[in-house]
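Structure below is structure.txt: compact mmCIF, C-alpha atoms and all ligand atoms.
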# COMPACT_ATOMS: atom_id res chain seq x y z
CA MET A 1 74.33 -13.63 7.72
CA ASP A 2 75.68 -10.85 5.57
CA SER A 3 72.81 -8.45 4.95
CA ILE A 4 70.08 -6.66 6.84
CA ALA A 5 67.48 -8.41 4.69
CA GLN A 6 68.79 -11.75 5.97
CA LEU A 7 68.83 -10.42 9.51
CA CYS A 8 65.17 -9.37 9.26
CA SER A 9 64.27 -12.73 7.81
CA ALA A 10 66.18 -14.65 10.53
CA PHE A 11 64.15 -12.82 13.18
CA GLY A 12 60.93 -13.13 11.15
CA GLY A 13 57.78 -13.73 13.19
CA THR A 14 59.17 -11.89 16.22
CA TYR A 15 58.64 -8.35 17.42
CA ALA A 16 62.36 -7.65 16.93
CA GLY A 17 62.23 -8.92 13.33
CA GLN A 18 59.21 -6.74 12.53
CA SER A 19 60.86 -3.72 14.14
CA MET A 20 64.04 -4.23 12.07
CA THR A 21 62.01 -4.73 8.87
CA ASP A 22 59.95 -1.57 9.41
CA LEU A 23 63.00 0.51 10.28
CA PHE A 24 65.02 -0.71 7.33
CA SER A 25 62.15 0.05 5.01
CA LEU A 26 61.96 3.62 6.41
CA TYR A 27 65.74 4.03 6.03
CA THR A 28 65.53 2.87 2.40
CA GLU A 29 62.77 5.38 1.63
CA ILE A 30 64.68 8.20 3.36
CA GLU A 31 67.89 7.29 1.57
CA GLN A 32 66.16 7.64 -1.81
CA LYS A 33 64.72 11.02 -0.84
CA THR A 34 67.97 12.42 0.57
CA ALA A 35 69.95 11.17 -2.45
CA SER A 36 67.59 12.98 -4.76
CA PHE A 37 67.62 16.13 -2.56
CA CYS A 38 71.45 16.17 -2.54
CA ARG A 39 71.66 15.63 -6.29
CA GLU A 40 69.22 18.42 -6.96
CA HIS A 41 71.01 20.94 -4.73
CA ALA A 42 74.65 19.92 -5.40
CA ILE A 43 75.21 18.77 -1.81
CA ALA A 44 78.06 16.33 -1.20
CA CYS A 45 80.49 15.47 1.59
CA ALA A 46 84.20 15.85 0.94
CA GLN A 47 85.87 12.68 -0.34
CA GLY A 48 86.80 10.35 2.54
CA CYS A 49 85.54 12.75 5.22
CA GLY A 50 84.15 11.35 8.47
CA THR A 51 84.93 14.25 10.79
CA CYS A 52 81.38 14.48 12.16
CA CYS A 53 81.72 10.96 13.64
CA GLU A 54 84.83 12.08 15.55
CA HIS A 55 83.00 14.93 17.28
CA PHE A 56 79.62 13.45 17.85
CA MET A 57 77.69 10.74 19.70
CA PRO A 58 74.41 9.89 17.96
CA ASP A 59 71.12 10.07 19.86
CA ILE A 60 69.09 7.06 18.81
CA THR A 61 65.74 5.36 19.43
CA ALA A 62 65.20 1.82 20.72
CA SER A 63 64.42 0.53 17.21
CA GLU A 64 67.62 2.03 15.86
CA ALA A 65 69.61 0.55 18.74
CA ARG A 66 68.08 -2.89 18.09
CA LEU A 67 69.18 -2.81 14.45
CA VAL A 68 72.72 -1.65 15.30
CA ALA A 69 73.03 -4.27 18.07
CA ALA A 70 71.77 -7.03 15.76
CA TYR A 71 74.17 -5.89 13.03
CA LEU A 72 77.10 -6.02 15.45
CA LEU A 73 76.12 -9.41 16.88
CA PHE A 74 75.05 -11.32 13.79
CA ILE A 75 76.66 -9.61 10.78
CA LYS A 76 79.89 -8.01 12.06
CA LYS A 77 80.33 -10.58 14.87
CA ASP A 78 83.06 -8.38 16.25
CA GLU A 79 83.44 -8.88 20.00
CA ALA A 80 86.11 -6.19 20.33
CA LEU A 81 83.82 -3.65 18.71
CA ILE A 82 80.91 -4.65 20.94
CA GLU A 83 83.19 -4.23 23.95
CA LYS A 84 84.24 -0.81 22.67
CA VAL A 85 80.58 0.25 22.49
CA GLN A 86 80.03 -0.97 26.06
CA GLN A 87 83.13 0.86 27.26
CA SER A 88 81.83 4.08 25.70
CA ILE A 89 78.82 4.23 28.01
CA GLY A 90 78.85 7.69 29.56
CA ASN A 91 80.62 9.30 26.60
CA GLN A 92 78.15 11.85 25.27
CA LYS A 93 80.48 13.87 23.05
CA GLY A 94 82.18 11.37 20.78
CA PRO A 95 84.06 10.08 19.02
CA CYS A 96 81.43 7.50 18.14
CA PRO A 97 82.76 4.04 19.11
CA LEU A 98 81.71 2.73 15.70
CA TYR A 99 83.97 5.17 13.88
CA ARG A 100 87.11 3.66 12.36
CA PHE A 101 90.01 6.10 12.48
CA ASP A 102 92.35 3.65 10.79
CA SER A 103 90.38 3.18 7.62
CA PRO A 104 89.42 5.32 4.63
CA PHE A 105 86.04 3.66 5.19
CA HIS A 106 84.70 5.01 8.42
CA CYS A 107 81.45 3.63 9.79
CA SER A 108 81.60 0.05 11.09
CA VAL A 109 77.82 -0.35 10.78
CA TYR A 110 77.19 1.69 7.64
CA ALA A 111 74.15 -0.26 6.43
CA ALA A 112 72.55 -0.02 9.88
CA ARG A 113 73.69 3.49 10.79
CA PRO A 114 71.12 5.62 12.64
CA LEU A 115 68.92 8.28 11.09
CA ILE A 116 70.91 11.27 12.31
CA CYS A 117 74.04 9.88 10.61
CA ARG A 118 72.09 9.59 7.35
CA LEU A 119 70.82 13.17 7.57
CA PHE A 120 73.80 15.10 8.96
CA GLY A 121 75.06 17.42 6.23
CA ALA A 122 72.52 16.01 3.76
CA CYS A 123 69.13 17.37 4.75
CA ALA A 124 67.16 20.60 5.25
CA TYR A 125 65.60 21.49 8.60
CA GLN A 126 62.74 23.72 9.61
CA ASP A 127 63.94 26.91 11.25
CA LYS A 128 62.10 28.86 13.94
CA ASN A 129 60.18 30.83 11.32
CA GLY A 130 58.88 27.65 9.75
CA SER A 131 61.09 27.92 6.63
CA ALA A 132 62.97 24.95 5.23
CA VAL A 133 66.69 25.76 5.36
CA PHE A 134 69.94 23.99 4.52
CA ARG A 135 73.27 24.97 6.08
CA ARG A 136 76.68 23.64 5.19
CA CYS A 137 78.22 21.25 7.72
CA LYS A 138 80.68 23.22 9.83
CA TYR A 139 83.49 20.72 9.17
CA ASN A 140 83.16 21.04 5.38
CA GLU A 141 86.21 23.25 4.79
CA GLU A 142 86.48 21.97 1.22
CA LYS A 143 83.10 23.66 0.51
CA THR A 144 81.66 20.71 -1.37
CA MET A 145 78.13 21.82 -0.44
CA PRO A 146 76.27 25.16 -0.65
CA GLU A 147 76.70 27.42 2.36
CA HIS A 148 73.06 28.32 2.92
CA ILE A 149 69.78 27.70 1.10
CA VAL A 150 66.33 28.94 2.09
CA PHE A 151 63.75 26.94 0.16
CA GLU A 152 60.70 28.54 -1.42
CA SER A 153 59.22 25.17 -2.37
CA ASP A 154 58.27 22.25 -0.15
CA VAL A 155 61.26 20.03 0.58
CA PRO A 156 61.55 17.22 3.12
CA VAL A 157 63.02 18.43 6.42
CA MET A 158 64.79 16.64 9.24
CA GLN A 159 61.77 17.02 11.54
CA ASP A 160 59.54 15.05 9.10
CA TYR A 161 61.97 12.13 9.07
CA SER A 162 62.34 12.28 12.80
CA TYR A 163 58.54 12.03 13.34
CA ALA A 164 58.37 9.08 10.98
CA LEU A 165 61.17 7.36 12.90
CA ARG A 166 59.63 7.96 16.30
CA SER A 167 56.23 6.72 15.16
CA LEU A 168 57.83 3.28 14.62
CA ASP A 169 59.33 3.09 18.04
CA ASP A 170 58.31 0.89 20.95
CA GLN A 171 59.56 3.32 23.60
CA LYS A 172 57.52 6.32 22.41
CA GLY A 173 60.48 7.54 20.40
CA GLU A 174 62.55 8.19 23.50
CA VAL A 175 66.16 8.70 22.44
CA GLY A 176 69.44 8.09 24.24
CA PHE A 177 73.14 8.00 23.41
CA LEU A 178 74.22 5.18 21.13
CA PRO A 179 76.43 3.23 23.59
CA GLU A 180 73.74 2.99 26.31
CA LYS A 181 70.94 2.24 23.87
CA VAL A 182 72.87 -0.41 21.91
CA ALA A 183 74.23 -2.08 25.05
CA SER A 184 70.68 -2.36 26.42
CA MET A 185 69.62 -4.42 23.36
CA LEU A 186 72.49 -6.93 23.28
CA ASP A 187 71.25 -9.38 25.93
CA GLN A 188 67.68 -9.55 24.70
CA LEU A 189 68.80 -10.14 21.11
CA GLN A 190 71.19 -12.88 22.17
CA PHE A 191 68.45 -14.50 24.21
CA LEU A 192 66.05 -14.32 21.27
CA ALA A 193 68.70 -15.69 18.89
CA GLY A 194 69.20 -18.61 21.29
CA MET A 195 65.44 -19.29 21.23
CA LEU A 196 65.44 -19.14 17.42
CA ASP A 197 68.59 -21.27 17.25
CA LEU A 198 70.42 -18.80 15.00
CA ASP A 199 73.91 -19.68 13.84
CA ASP A 200 76.40 -16.94 14.76
CA SER A 201 79.61 -18.38 13.34
CA ASN A 202 81.60 -17.06 10.32
CA PRO A 203 82.80 -13.53 11.21
CA ASP A 204 82.06 -10.87 8.65
CA ASP A 205 85.06 -9.62 6.70
CA THR A 206 83.36 -7.45 4.11
CA PRO A 207 84.83 -3.94 3.68
CA ASN A 208 82.96 -0.98 5.13
CA PRO A 209 81.67 1.76 2.86
CA LEU A 210 82.20 5.47 3.59
CA ALA A 211 80.58 7.01 6.65
CA SER A 212 78.53 9.43 4.61
S1 LIG A 301 78.66 15.83 7.19
FE1 LIG A 301 80.00 15.20 5.52
S2 LIG A 301 81.42 16.90 5.20
FE2 LIG A 301 80.47 17.17 7.23
S3 LIG A 301 81.94 16.21 8.64
FE3 LIG A 301 80.37 14.67 8.11
S4 LIG A 301 81.27 13.52 6.39
FE4 LIG A 301 82.44 15.47 6.60
S1 LIG A 302 78.01 7.18 10.80
FE1 LIG A 302 78.62 5.38 12.02
S2 LIG A 302 80.57 5.95 12.96
FE2 LIG A 302 79.55 7.86 12.30
S3 LIG A 302 78.42 8.56 14.11
FE3 LIG A 302 77.03 7.34 12.86
S4 LIG A 302 77.17 5.25 13.71
FE4 LIG A 302 78.94 6.41 14.46
Just give me the structure as structure tokens.
Ligand code: SF4
Ligand code: SF4
Amino acid sequence: MDSIAQLCSAFGGTYAGQSMTDLFSLYTEIEQKTASFCREHAIACAQGCGTCCEHFMPDITASEARLVAAYLLFIKKDEALIEKVQQSIGNQKGPCPLYRFDSPFHCSVYAARPLICRLFGACAYQDKNGSAVFRRCKYNEEKTMPEHIVFESDVPVMQDYSYALRSLDDQKGEVGFLPEKVASMLDQLQFLAGMLDLDDSNPDDTPNPLAS
């Protein structure tokens, strides 16, 4: 398998397959909206930057963890990386175990990366007064994005995306740190793959795109 579409199809007819399909469809919709938001407001990350992943451990839902675990098991097929995730249990501050220091391409699971990684530095949020606001990522020393915008018009905010994500989830949207959540999905996915007789040979060697 070499794409999330194939992954969803391989698990078709199962709860896990439906969960991955629904989540990927939400990610695709959000990606289109954030790309258009960033274009419109001249928001971009610095070339090759992945600093947020070094100082951060994503909080993710069960559905997100299922997709990352499936990506690691059946697309990346990287046992060392899976072990690194398991060894990071208890680390709540980062660096994220899926971050690649040694590569200009940073995220090992880019296509399956969680929502917060898609939105960090690329989305407005609702402040305590109810206004939609954008603030520059604190690591963006190159100033490749505006410092501060308060929106007069309606723009999508992080909270809207977060509600949409949680409404898909089987554990009432409860979030936890990536290592714990992903590790908790590995056994059940392997069991399910065994039942479905999925082939897990041919390790993936495709390059990874940029983290953000
Ligand atoms: S949000 Fe963008 S600019 Fe900020 S640290 Fe992450 S990759 Fe770099
Ligand atoms: S973008 Fe990838 S490497 Fe960075 S925090 Fe998210 S999952 Fe980890």
Could you list the protein, DNA and RNA residues that have any atom within 6 Å of ligand LIG 301 (chain A), counting only C-alpha atoms and all ligand atoms, and write them as a list in words?
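After applying the 6 Å limit, what remains is Cys45, Ala46, Cys49, Gly50, Thr51, Cys52, Phe120, Gly121, Cys137, Tyr139, Asn140 and Ser212 of chain A.
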Show me the residues around (62.6, -11.0, 14.1) - criterion: an atom at most 12 Å away, all atoms listed in the file counted - as a ChimeraX atom specification.
/A:4-22,66-67,70,188-190,192-193,195-196,198
Kindly export the residues of the current selection with C-alpha atoms, as a PDB file, keeping the file's coordinate frame.
ATOM      1  CA  ILE A   4      70.080  -6.660   6.840  1.00  0.00           C
ATOM      2  CA  ALA A   5      67.480  -8.410   4.690  1.00  0.00           C
ATOM      3  CA  GLN A   6      68.790 -11.750   5.970  1.00  0.00           C
ATOM      4  CA  LEU A   7      68.830 -10.420   9.510  1.00  0.00           C
ATOM      5  CA  CYS A   8      65.170  -9.370   9.260  1.00  0.00           C
ATOM      6  CA  SER A   9      64.270 -12.730   7.810  1.00  0.00           C
ATOM      7  CA  ALA A  10      66.180 -14.650  10.530  1.00  0.00           C
ATOM      8  CA  PHE A  11      64.150 -12.820  13.180  1.00  0.00           C
ATOM      9  CA  GLY A  12      60.930 -13.130  11.150  1.00  0.00           C
ATOM     10  CA  GLY A  13      57.780 -13.730  13.190  1.00  0.00           C
ATOM     11  CA  THR A  14      59.170 -11.890  16.220  1.00  0.00           C
ATOM     12  CA  TYR A  15      58.640  -8.350  17.420  1.00  0.00           C
ATOM     13  CA  ALA A  16      62.360  -7.650  16.930  1.00  0.00           C
ATOM     14  CA  GLY A  17      62.230  -8.920  13.330  1.00  0.00           C
ATOM     15  CA  GLN A  18      59.210  -6.740  12.530  1.00  0.00           C
ATOM     16  CA  SER A  19      60.860  -3.720  14.140  1.00  0.00           C
ATOM     17  CA  MET A  20      64.040  -4.230  12.070  1.00  0.00           C
ATOM     18  CA  THR A  21      62.010  -4.730   8.870  1.00  0.00           C
ATOM     19  CA  ASP A  22      59.950  -1.570   9.410  1.00  0.00           C
ATOM     20  CA  ARG A  66      68.080  -2.890  18.090  1.00  0.00           C
ATOM     21  CA  LEU A  67      69.180  -2.810  14.450  1.00  0.00           C
ATOM     22  CA  ALA A  70      71.770  -7.030  15.760  1.00  0.00           C
ATOM     23  CA  GLN A 188      67.680  -9.550  24.700  1.00  0.00           C
ATOM     24  CA  LEU A 189      68.800 -10.140  21.110  1.00  0.00           C
ATOM     25  CA  GLN A 190      71.190 -12.880  22.170  1.00  0.00           C
ATOM     26  CA  LEU A 192      66.050 -14.320  21.270  1.00  0.00           C
ATOM     27  CA  ALA A 193      68.700 -15.690  18.890  1.00  0.00           C
ATOM     28  CA  MET A 195      65.440 -19.290  21.230  1.00  0.00           C
ATOM     29  CA  LEU A 196      65.440 -19.140  17.420  1.00  0.00           C
ATOM     30  CA  LEU A 198      70.420 -18.800  15.000  1.00  0.00           C
TER      31      LEU A 198
END
Would you list the residues that come within 7 Å of ligand LIG 302 (chain A)? Count only C-alpha atoms and all ligand atoms and give the answer as a PDB file with C-alpha atoms, in the frame of the given file.
ATOM      1  CA  GLY A  50      84.150  11.350   8.470  1.00  0.00           C
ATOM      2  CA  CYS A  52      81.380  14.480  12.160  1.00  0.00           C
ATOM      3  CA  CYS A  53      81.720  10.960  13.640  1.00  0.00           C
ATOM      4  CA  PHE A  56      79.620  13.450  17.850  1.00  0.00           C
ATOM      5  CA  MET A  57      77.690  10.740  19.700  1.00  0.00           C
ATOM      6  CA  PRO A  58      74.410   9.890  17.960  1.00  0.00           C
ATOM      7  CA  CYS A  96      81.430   7.500  18.140  1.00  0.00           C
ATOM      8  CA  PRO A  97      82.760   4.040  19.110  1.00  0.00           C
ATOM      9  CA  LEU A  98      81.710   2.730  15.700  1.00  0.00           C
ATOM     10  CA  TYR A  99      83.970   5.170  13.880  1.00  0.00           C
ATOM     11  CA  ARG A 100      87.110   3.660  12.360  1.00  0.00           C
ATOM     12  CA  HIS A 106      84.700   5.010   8.420  1.00  0.00           C
ATOM     13  CA  CYS A 107      81.450   3.630   9.790  1.00  0.00           C
ATOM     14  CA  SER A 108      81.600   0.050  11.090  1.00  0.00           C
ATOM     15  CA  VAL A 109      77.820  -0.350  10.780  1.00  0.00           C
ATOM     16  CA  TYR A 110      77.190   1.690   7.640  1.00  0.00           C
ATOM     17  CA  ARG A 113      73.690   3.490  10.790  1.00  0.00           C
ATOM     18  CA  PRO A 114      71.120   5.620  12.640  1.00  0.00           C
ATOM     19  CA  CYS A 117      74.040   9.880  10.610  1.00  0.00           C
ATOM     20  CA  ALA A 211      80.580   7.010   6.650  1.00  0.00           C
ATOM     21  CA  SER A 212      78.530   9.430   4.610  1.00  0.00           C
TER      22      SER A 212
END
Taking 3 positions as the minimum chain separation for residues in the same chain, which residues sit within 7 Å of A:Phe74 when counting all atoms listed in the file? Answer as a PyMOL selection string.
chain A and resi 1+70-71+77+200
List every protein, DNA or RNA residue with an atom no more than 8 Å from (66.1, 0.1, 19.6) in the file's coordinates, counting all atoms listed in the file, and format the result as a ChimeraX atom specification.
/A:60-67,169-170,181-182,185
